[in-house]
file my_file-v1.csv (CSV, C-alpha atoms)
chain,number,residue,atom,x,y,z
D,1,MET,CA,-39.6,-26.8,-35.3
D,2,ARG,CA,-42.2,-27.1,-32.5
D,3,LYS,CA,-40.2,-29.8,-30.8
D,4,ILE,CA,-37.0,-27.7,-31.0
D,5,ILE,CA,-38.8,-24.7,-29.5
D,6,ILE,CA,-40.2,-26.8,-26.7
D,7,THR,CA,-36.7,-28.2,-26.0
D,8,ALA,CA,-35.1,-24.8,-26.0
D,9,LEU,CA,-37.8,-23.5,-23.6
D,10,LYS,CA,-37.1,-26.4,-21.3
D,11,TYR,CA,-33.4,-25.6,-21.2
D,12,ILE,CA,-34.1,-21.9,-20.7
D,13,GLY,CA,-36.6,-22.7,-17.9
D,14,PHE,CA,-34.2,-25.1,-16.0
D,15,LEU,CA,-31.3,-22.6,-16.4
D,16,ALA,CA,-33.5,-19.8,-15.1
D,17,ALA,CA,-34.5,-21.9,-12.1
D,18,GLY,CA,-30.9,-22.7,-11.4
D,19,ILE,CA,-29.8,-19.1,-11.6
D,20,PHE,CA,-32.7,-18.1,-9.4
D,21,LEU,CA,-31.6,-20.7,-6.8
D,22,PHE,CA,-28.0,-19.5,-7.1
D,23,TRP,CA,-29.2,-15.9,-6.5
D,24,LEU,CA,-31.2,-17.0,-3.4
D,25,VAL,CA,-28.1,-18.8,-2.0
D,26,TYR,CA,-25.6,-16.0,-2.7
D,27,LYS,CA,-27.6,-12.8,-2.5
D,28,ASP,CA,-26.4,-12.1,1.1
D,29,LEU,CA,-22.7,-12.8,0.4
D,30,GLU,CA,-20.7,-9.6,0.3
D,31,LEU,CA,-18.3,-9.2,-2.6
D,32,ASP,CA,-15.6,-7.8,-0.4
D,33,THR,CA,-15.7,-10.9,1.8
D,34,LEU,CA,-15.5,-13.1,-1.3
D,35,LEU,CA,-12.6,-11.2,-2.8
D,36,ASN,CA,-10.7,-11.2,0.5
D,37,GLU,CA,-11.0,-15.0,0.8
D,38,LEU,CA,-10.1,-15.6,-2.8
D,39,SER,CA,-6.9,-13.6,-2.2
D,40,ASN,CA,-5.9,-15.9,0.6
D,41,LEU,CA,-6.5,-19.2,-1.2
D,42,ASN,CA,-3.7,-21.7,-1.6
D,43,TYR,CA,-4.1,-22.1,-5.3
D,44,TRP,CA,-1.6,-25.0,-5.5
D,45,TRP,CA,-4.2,-27.3,-4.1
D,46,LEU,CA,-6.5,-26.3,-6.9
D,47,VAL,CA,-3.8,-27.1,-9.4
D,48,LEU,CA,-3.2,-30.5,-7.8
D,49,SER,CA,-7.0,-31.2,-7.8
D,50,PHE,CA,-7.1,-30.3,-11.5
D,51,ALA,CA,-4.1,-32.6,-12.3
D,52,ILE,CA,-5.6,-35.5,-10.3
D,53,GLY,CA,-9.0,-35.0,-11.9
D,54,ILE,CA,-7.6,-35.6,-15.4
D,55,PHE,CA,-7.1,-39.3,-14.5
D,56,SER,CA,-10.9,-39.7,-14.1
D,57,HIS,CA,-11.4,-38.5,-17.7
D,58,ILE,CA,-8.7,-40.8,-19.0
D,59,SER,CA,-10.3,-43.7,-17.1
D,60,ARG,CA,-13.7,-42.8,-18.6
D,61,ALA,CA,-12.2,-42.8,-22.1
D,62,ILE,CA,-10.7,-46.3,-21.6
D,63,ARG,CA,-13.9,-47.6,-20.1
D,64,TRP,CA,-15.8,-46.2,-23.1
D,65,ASN,CA,-13.4,-48.0,-25.5
D,66,MET,CA,-14.2,-51.2,-23.6
D,67,LEU,CA,-17.9,-50.8,-24.7
D,68,ILE,CA,-17.0,-49.9,-28.2
D,69,LYS,CA,-14.6,-52.8,-28.9
D,70,PRO,CA,-17.4,-55.5,-29.0
D,71,LEU,CA,-19.0,-53.4,-31.8
D,72,GLY,CA,-15.9,-54.2,-34.0
D,73,PHE,CA,-14.1,-50.9,-33.6
D,74,LYS,CA,-11.0,-49.9,-31.7
D,75,PRO,CA,-10.8,-46.1,-31.4
D,76,LYS,CA,-7.5,-44.4,-30.4
D,77,THR,CA,-7.6,-43.6,-26.7
D,78,ILE,CA,-6.6,-40.0,-27.4
D,79,ASN,CA,-9.7,-39.6,-29.7
D,80,THR,CA,-12.0,-41.1,-27.1
D,81,PHE,CA,-10.5,-38.9,-24.3
D,82,LEU,CA,-10.8,-35.7,-26.4
D,83,SER,CA,-14.4,-36.7,-27.3
D,84,VAL,CA,-15.2,-37.1,-23.6
D,85,MET,CA,-13.8,-33.6,-22.9
D,86,VAL,CA,-15.9,-32.1,-25.7
D,87,MET,CA,-18.9,-33.8,-23.9
D,88,TYR,CA,-18.1,-31.9,-20.7
D,89,LEU,CA,-17.7,-28.6,-22.5
D,90,VAL,CA,-21.0,-28.9,-24.4
D,91,ASN,CA,-22.8,-30.0,-21.2
D,92,LEU,CA,-21.9,-26.7,-19.6
D,93,ALA,CA,-24.0,-25.0,-22.3
D,94,LEU,CA,-26.7,-27.6,-22.9
D,95,PRO,CA,-27.4,-30.3,-20.3
D,96,ARG,CA,-27.3,-33.9,-21.8
D,97,ALA,CA,-26.4,-32.5,-25.2
D,98,GLY,CA,-22.8,-33.4,-24.4
D,99,GLU,CA,-23.6,-37.1,-24.8
D,100,VAL,CA,-24.7,-36.5,-28.4
D,101,ALA,CA,-21.7,-34.3,-29.0
D,102,ARG,CA,-19.1,-36.9,-27.9
D,103,CYS,CA,-20.8,-39.6,-30.0
D,104,SER,CA,-20.8,-37.2,-33.0
D,105,VAL,CA,-17.1,-36.4,-32.6
D,106,LEU,CA,-15.9,-40.0,-32.2
D,107,SER,CA,-18.1,-41.1,-35.0
D,108,ARG,CA,-16.5,-38.5,-37.3
D,109,TYR,CA,-12.9,-39.4,-36.6
D,110,GLU,CA,-13.2,-43.1,-35.9
D,111,LYS,CA,-16.0,-44.0,-38.3
D,112,VAL,CA,-18.1,-45.8,-35.7
D,113,PRO,CA,-21.8,-45.6,-36.5
D,114,PHE,CA,-23.4,-42.9,-34.4
D,115,SER,CA,-26.4,-45.1,-33.4
D,116,LYS,CA,-24.1,-47.7,-32.0
D,117,LEU,CA,-22.2,-45.2,-29.9
D,118,VAL,CA,-25.5,-43.9,-28.4
D,119,GLY,CA,-26.1,-47.4,-27.2
D,120,THR,CA,-22.8,-47.4,-25.3
D,121,VAL,CA,-23.7,-44.1,-23.7
D,122,VAL,CA,-26.8,-45.7,-22.2
D,123,VAL,CA,-24.7,-48.4,-20.7
D,124,GLU,CA,-22.3,-45.8,-19.3
D,125,ARG,CA,-25.1,-43.8,-17.7
D,126,THR,CA,-26.4,-47.0,-16.1
D,127,SER,CA,-23.0,-47.7,-14.7
D,128,ASP,CA,-22.6,-44.2,-13.2
D,129,PHE,CA,-26.1,-44.2,-11.7
D,130,ILE,CA,-25.6,-47.6,-10.0
D,131,ALA,CA,-22.2,-46.5,-8.7
D,132,LEU,CA,-23.6,-43.2,-7.3
D,133,LEU,CA,-26.4,-45.2,-5.5
D,134,PHE,CA,-23.9,-47.6,-4.0
D,135,PHE,CA,-21.5,-44.9,-3.0
D,136,ALA,CA,-24.3,-42.8,-1.5
D,137,PHE,CA,-25.6,-45.8,0.5
D,138,PHE,CA,-22.2,-46.7,1.9
D,139,ILE,CA,-21.2,-43.2,2.8
D,140,MET,CA,-24.6,-42.4,4.5
D,141,LEU,CA,-24.3,-45.5,6.6
D,142,THR,CA,-20.8,-44.5,7.8
D,143,GLN,CA,-22.0,-41.0,8.7
D,144,ILE,CA,-25.2,-41.7,10.6
D,145,GLY,CA,-23.4,-40.6,13.8
D,146,VAL,CA,-22.5,-37.2,12.3
D,147,PHE,CA,-26.1,-36.5,11.3
D,148,ARG,CA,-27.3,-37.6,14.7
D,149,ASN,CA,-24.8,-35.2,16.5
D,150,PHE,CA,-25.9,-32.4,14.1
D,151,LEU,CA,-29.5,-32.8,15.1
D,152,LEU,CA,-28.7,-33.0,18.8
D,153,SER,CA,-26.7,-29.8,18.6
D,154,ASN,CA,-29.2,-28.0,16.4
D,155,PRO,CA,-32.7,-28.3,18.1
D,156,GLU,CA,-34.4,-26.2,15.3
D,157,SER,CA,-33.4,-28.7,12.6
D,158,GLN,CA,-34.4,-31.6,14.9
D,159,ASP,CA,-37.8,-30.0,15.5
D,160,LYS,CA,-38.3,-29.6,11.7
D,161,LEU,CA,-37.3,-33.2,11.1
D,162,VAL,CA,-39.7,-34.4,13.8
D,163,ALA,CA,-42.5,-32.3,12.4
D,164,LEU,CA,-41.8,-33.6,8.9
D,165,PHE,CA,-42.3,-37.2,10.1
D,166,SER,CA,-45.3,-36.4,12.4
D,167,THR,CA,-48.2,-38.9,12.5
D,168,ARG,CA,-50.3,-36.5,10.5
D,169,ASN,CA,-47.8,-36.2,7.7
D,170,ILE,CA,-47.2,-40.0,7.7
D,171,ILE,CA,-50.9,-40.6,7.3
D,172,ILE,CA,-51.1,-38.1,4.5
D,173,GLY,CA,-48.2,-39.7,2.8
D,174,ILE,CA,-49.6,-43.2,3.0
D,175,THR,CA,-53.0,-41.9,1.8
D,176,ILE,CA,-51.3,-40.3,-1.3
D,177,ILE,CA,-49.4,-43.5,-2.1
D,178,ILE,CA,-52.6,-45.6,-1.8
D,179,PHE,CA,-54.4,-43.1,-4.0
D,180,LEU,CA,-51.7,-43.3,-6.7
D,181,PHE,CA,-51.7,-47.1,-6.7
D,182,VAL,CA,-55.5,-47.3,-6.9
D,183,SER,CA,-55.6,-44.6,-9.7
D,184,PHE,CA,-52.9,-46.4,-11.6
D,185,PHE,CA,-54.8,-49.7,-11.4
D,186,ILE,CA,-58.0,-48.2,-12.5
D,187,PHE,CA,-56.6,-46.0,-15.3
D,188,ARG,CA,-53.5,-48.1,-16.2
D,189,LYS,CA,-54.5,-48.5,-19.8
D,190,ALA,CA,-54.8,-44.8,-20.4
D,191,PHE,CA,-51.7,-44.1,-18.3
D,192,LYS,CA,-49.6,-46.5,-20.4
D,193,LYS,CA,-50.4,-44.3,-23.4
D,194,THR,CA,-48.9,-41.1,-21.8
D,195,LYS,CA,-45.4,-39.7,-22.6
D,196,PHE,CA,-44.6,-39.8,-18.9
D,197,TYR,CA,-45.2,-43.6,-18.7
D,198,ASN,CA,-43.2,-44.1,-21.9
D,199,LYS,CA,-40.2,-42.2,-20.5
D,200,ILE,CA,-40.3,-44.3,-17.3
D,201,ALA,CA,-40.6,-47.6,-19.3
D,202,SER,CA,-37.8,-46.5,-21.6
D,203,PHE,CA,-35.6,-45.7,-18.6
D,204,ALA,CA,-36.3,-49.0,-16.9
D,205,GLU,CA,-35.7,-50.9,-20.2
D,206,ASN,CA,-32.4,-49.1,-20.8
D,207,PHE,CA,-31.4,-49.7,-17.2
D,208,VAL,CA,-31.9,-53.4,-17.5
D,209,GLU,CA,-30.2,-53.6,-20.9
D,210,GLY,CA,-27.3,-51.6,-19.6
D,211,ILE,CA,-26.7,-54.1,-16.8
D,212,LYS,CA,-27.0,-57.0,-19.2
D,213,ALA,CA,-24.4,-55.3,-21.5
D,214,ILE,CA,-22.0,-54.8,-18.6
D,215,LEU,CA,-22.3,-58.5,-17.5
D,216,LYS,CA,-21.6,-59.6,-21.1
D,217,LEU,CA,-18.3,-57.7,-21.3
D,218,GLU,CA,-15.2,-59.8,-21.7
D,219,ASN,CA,-13.5,-57.8,-18.9
D,220,LYS,CA,-16.5,-56.8,-16.9
D,221,TRP,CA,-14.5,-56.6,-13.6
D,222,LEU,CA,-12.0,-54.2,-15.3
D,223,TYR,CA,-15.0,-52.1,-16.4
D,224,ILE,CA,-16.4,-52.1,-12.9
D,225,GLY,CA,-13.0,-51.2,-11.6
D,226,HIS,CA,-12.8,-48.2,-13.9
D,227,THR,CA,-16.2,-47.1,-12.7
D,228,VAL,CA,-15.1,-47.2,-9.1
D,229,PHE,CA,-11.8,-45.5,-9.9
D,230,ILE,CA,-13.7,-42.6,-11.6
D,231,TYR,CA,-15.6,-41.9,-8.4
D,232,ILE,CA,-12.5,-42.3,-6.2
D,233,ILE,CA,-10.7,-39.7,-8.3
D,234,TRP,CA,-13.7,-37.3,-8.2
D,235,PHE,CA,-13.7,-37.7,-4.4
D,236,ILE,CA,-9.9,-37.1,-4.1
D,237,ALA,CA,-10.1,-34.1,-6.4
D,238,LEU,CA,-12.9,-32.5,-4.3
D,239,TYR,CA,-11.1,-33.4,-1.0
D,240,LEU,CA,-8.0,-31.6,-2.2
D,241,ILE,CA,-9.9,-28.4,-2.7
D,242,PHE,CA,-10.8,-28.4,1.0
D,243,PHE,CA,-7.1,-27.7,1.7
D,244,CYS,CA,-7.0,-24.5,-0.4
D,245,PHE,CA,-9.6,-22.8,1.8
D,246,LYS,CA,-8.6,-22.4,5.5
D,247,PRO,CA,-12.2,-22.9,7.0
D,248,THR,CA,-12.5,-26.3,5.3
D,249,ALA,CA,-8.9,-27.5,5.6
D,250,HIS,CA,-9.6,-29.5,8.8
D,251,LEU,CA,-12.6,-31.4,7.4
D,252,SER,CA,-12.3,-35.2,7.1
D,253,ILE,CA,-12.4,-37.4,4.0
D,254,PHE,CA,-15.9,-38.4,5.0
D,255,ALA,CA,-17.1,-34.8,4.7
D,256,ALA,CA,-15.7,-34.7,1.2
D,257,ALA,CA,-17.4,-38.0,0.4
D,258,VAL,CA,-20.8,-36.8,1.6
D,259,ALA,CA,-20.4,-33.5,-0.3
D,260,LEU,CA,-19.5,-35.5,-3.5
D,261,VAL,CA,-22.6,-37.6,-3.1
D,262,MET,CA,-25.0,-34.7,-2.4
D,263,GLY,CA,-23.4,-32.7,-5.2
D,264,GLY,CA,-23.8,-35.7,-7.5
D,265,LEU,CA,-27.5,-36.0,-6.7
D,266,ALA,CA,-27.9,-32.3,-7.5
D,267,MET,CA,-26.3,-32.8,-10.9
D,268,ILE,CA,-29.2,-35.1,-11.9
D,269,ALA,CA,-31.2,-31.8,-12.3
D,270,PRO,CA,-30.9,-30.8,-16.0
D,271,VAL,CA,-29.3,-27.4,-15.2
D,272,GLN,CA,-26.2,-26.2,-17.0
D,273,GLY,CA,-23.2,-27.2,-14.9
D,274,GLY,CA,-25.4,-27.9,-11.9
D,275,ILE,CA,-25.4,-24.1,-11.2
D,276,GLY,CA,-27.6,-23.5,-8.2
D,277,PRO,CA,-28.6,-27.0,-7.1
D,278,TRP,CA,-25.0,-28.1,-6.7
D,279,HIS,CA,-24.0,-25.1,-4.6
D,280,PHE,CA,-27.1,-25.5,-2.4
D,281,MET,CA,-26.5,-29.2,-1.7
D,282,VAL,CA,-22.8,-28.7,-0.9
D,283,ILE,CA,-23.4,-25.7,1.3
D,284,GLU,CA,-26.0,-27.6,3.4
D,285,THR,CA,-23.7,-30.6,3.6
D,286,LEU,CA,-20.8,-28.5,4.9
D,287,PHE,CA,-23.1,-26.9,7.5
D,288,ILE,CA,-23.7,-30.3,9.0
D,289,TYR,CA,-20.0,-30.6,9.5
D,290,GLY,CA,-19.7,-27.3,11.3
D,291,ILE,CA,-18.9,-24.9,8.4
D,292,ASP,CA,-21.0,-21.7,8.7
D,293,ARG,CA,-23.0,-21.0,5.6
D,294,THR,CA,-20.9,-18.0,4.6
D,295,ASN,CA,-17.8,-20.1,4.3
D,296,GLY,CA,-19.8,-22.9,2.8
D,297,LYS,CA,-21.0,-20.5,0.0
D,298,ILE,CA,-17.4,-19.4,-0.7
D,299,PHE,CA,-16.1,-23.0,-0.8
D,300,ALA,CA,-19.0,-24.2,-3.1
D,301,LEU,CA,-18.3,-21.3,-5.4
D,302,ILE,CA,-14.5,-22.1,-5.5
D,303,ALA,CA,-15.0,-25.8,-6.1
D,304,HIS,CA,-17.7,-25.4,-8.7
D,305,ALA,CA,-15.8,-22.7,-10.6
D,306,ALA,CA,-12.5,-24.5,-10.5
D,307,ASN,CA,-14.0,-27.7,-11.8
D,308,ASN,CA,-16.0,-26.1,-14.6
D,309,LEU,CA,-13.3,-23.7,-15.7
D,310,SER,CA,-10.9,-26.7,-16.0
D,311,LEU,CA,-13.5,-28.6,-18.1
D,312,MET,CA,-14.0,-25.6,-20.3
D,313,PHE,CA,-10.3,-25.2,-20.9
D,314,ILE,CA,-9.6,-28.8,-21.7
D,315,GLY,CA,-12.8,-29.1,-23.8
D,316,ALA,CA,-11.8,-26.0,-25.8
D,317,VAL,CA,-8.3,-27.5,-26.3
D,318,ALA,CA,-9.9,-30.8,-27.4
D,319,LEU,CA,-11.9,-29.0,-30.1
D,320,VAL,CA,-8.7,-27.4,-31.5
D,321,ILE,CA,-6.4,-30.4,-31.5
D,322,LEU,CA,-8.8,-33.1,-32.7
D,323,PRO,CA,-8.7,-32.1,-36.4
D,324,ILE,CA,-4.9,-31.6,-36.1
D,325,ILE,CA,-4.0,-35.1,-34.7
D,326,ASN,CA,-6.5,-36.8,-37.1
D,327,LYS,CA,-5.4,-34.9,-40.2
D,328,ASN,CA,-4.0,-38.0,-41.9
D,329,TYR,CA,-5.7,-40.7,-39.7
D,330,GLU,CA,-7.9,-43.4,-41.2
D,331,ALA,CA,-9.8,-45.5,-38.7
D,332,THR,CA,-9.7,-49.2,-39.2
D,333,PRO,CA,-12.4,-51.6,-37.9
D,334,LEU,CA,-11.0,-54.6,-35.8
D,335,GLN,CA,-12.2,-57.1,-38.4
D,336,ASN,CA,-10.0,-55.5,-41.0
D,337,GLU,CA,-6.8,-55.4,-38.9
call {"tool": "encode", "arguments": {"input": "my_file-v1.csv", "output": "structure tokens"}}
result
Amino acid sequence: MRKIIITALKYIGFLAAGIFLFWLVYKDLELDTLLNELSNLNYWWLVLSFAIGIFSHISRAIRWNMLIKPLGFKPKTINTFLSVMVMYLVNLALPRAGEVARCSVLSRYEKVPFSKLVGTVVVERTSDFIALLFFAFFIMLTQIGVFRNFLLSNPESQDKLVALFSTRNIIIGITIIIFLFVSFFIFRKAFKKTKFYNKIASFAENFVEGIKAILKLENKWLYIGHTVFIYIIWFIALYLIFFCFKPTAHLSIFAAAVALVMGGLAMIAPVQGGIGPWHFMVIETLFIYGIDRTNGKIFALIAHAANNLSLMFIGAVALVILPIINKNYEATPLQNE
């Protein structure tokens, strides 16, 4: 019971922090301005973005099946897809709980042991994390010129960046790093007994095991291809939303790519739906590309709401139709086929 209460308090705390950040970002946005812009949106671009985005969920379902097959099971793609959509729905209420939910749903209808499914989720998380890092590195390299021009045209931001990397701050940073290394060396035995160390060690172990599992797959290149495809679809879906809002319609595909990366990094925060951090990161990204913060706020609100409302809709539909399509279905392990 104590653990449940602590977990609940963590979720409430992160949600409160996200809502507070959301309030800070949007407290100056006038409702009349927002409603006026919403009335002028080209909603067909949102519909197209929604339709394109579904392919990423289908690809994720197929990729998940590739990890399940070596376990001796072959779930129906429709069941895997609907389980993935349930995951997104639950994540909007409880961050990370969606992973447990999708494993529970698929285990129920496909008779795959829950514990084995959890192992495949670890591999998937590793894949997504590596893909995000590669994507972020590549995009940032291509946009160095944009960031440089932004700093040259915004002296205040340039001065803040210069101040951040001043000799004094660099010396302080190096001193802190040295202190941490020395402290770890001296107190390493005690540190290894802490929960924080165990979490880091567990993450590192799962990360390595995830990479090994991917490399052992029979069709590892197809798996990697699906991972890349998922990010490409996410990028296209976000880029299409640019066209529904006149102030962002002229932005390049690179602006969408950077917004996707920054928004993706914000989603690491365990806040329901990324509310607050996602908006802040996307708004600041668009500002670099010449979009004033008022229009940036409106765009972030549109993009975030459109994506999450679509996930809520499909997730709710998934919960309804799962028992219907599996009414007379009996899962059969591969070895028994």
call {"tool": "closest_atom_pairs", "arguments": {"input": "my_file-v1.csv", "of": "segment 213-268 of chain D", "to": "segment 69-72 of chain D", "cutoff": "12 Å", "atoms": "all atoms listed in the file", "output": "JSON lines"}}
result
{"residue": "D:Ala213", "atom": "CA", "partner": "D:Pro70", "partner_atom": "CA", "distance": 10.3}
{"residue": "D:Ile214", "atom": "CA", "partner": "D:Pro70", "partner_atom": "CA", "distance": 11.4}
{"residue": "D:Lys216", "atom": "CA", "partner": "D:Pro70", "partner_atom": "CA", "distance": 9.8}
{"residue": "D:Leu217", "atom": "CA", "partner": "D:Pro70", "partner_atom": "CA", "distance": 8.1}
{"residue": "D:Glu218", "atom": "CA", "partner": "D:Pro70", "partner_atom": "CA", "distance": 8.8}
{"residue": "D:Asn219", "atom": "CA", "partner": "D:Pro70", "partner_atom": "CA", "distance": 11.1}
call {"tool": "closest_residue", "arguments": {"input": "my_file-v1.csv", "among": "D:Val182, D:Ile324, D:Ile58, D:Ile314", "to": "Val90 of chain D", "atoms": "only C-alpha atoms"}}
result
D:Ile314
call {"tool": "closest_residue", "arguments": {"input": "my_file-v1.csv", "among": "D:Ala318, D:Ile54, D:Leu180, D:Leu46", "to": "Thr80 of chain D", "atoms": "all atoms listed in the file"}}
result
D:Ala318
call {"tool": "atom_distance", "arguments": {"input": "my_file-v1.csv", "atom1": "atom CA of Arg148 of chain D", "atom2": "atom CA of Met281 of chain D"}}
result
18.4 Å
call {"tool": "closest_residue", "arguments": {"input": "my_file-v1.csv", "among": "D:Leu67, D:His279, D:Ile232, D:Gly18", "to": "Ala257 of chain D", "atoms": "only C-alpha atoms"}}
result
D:Ile232
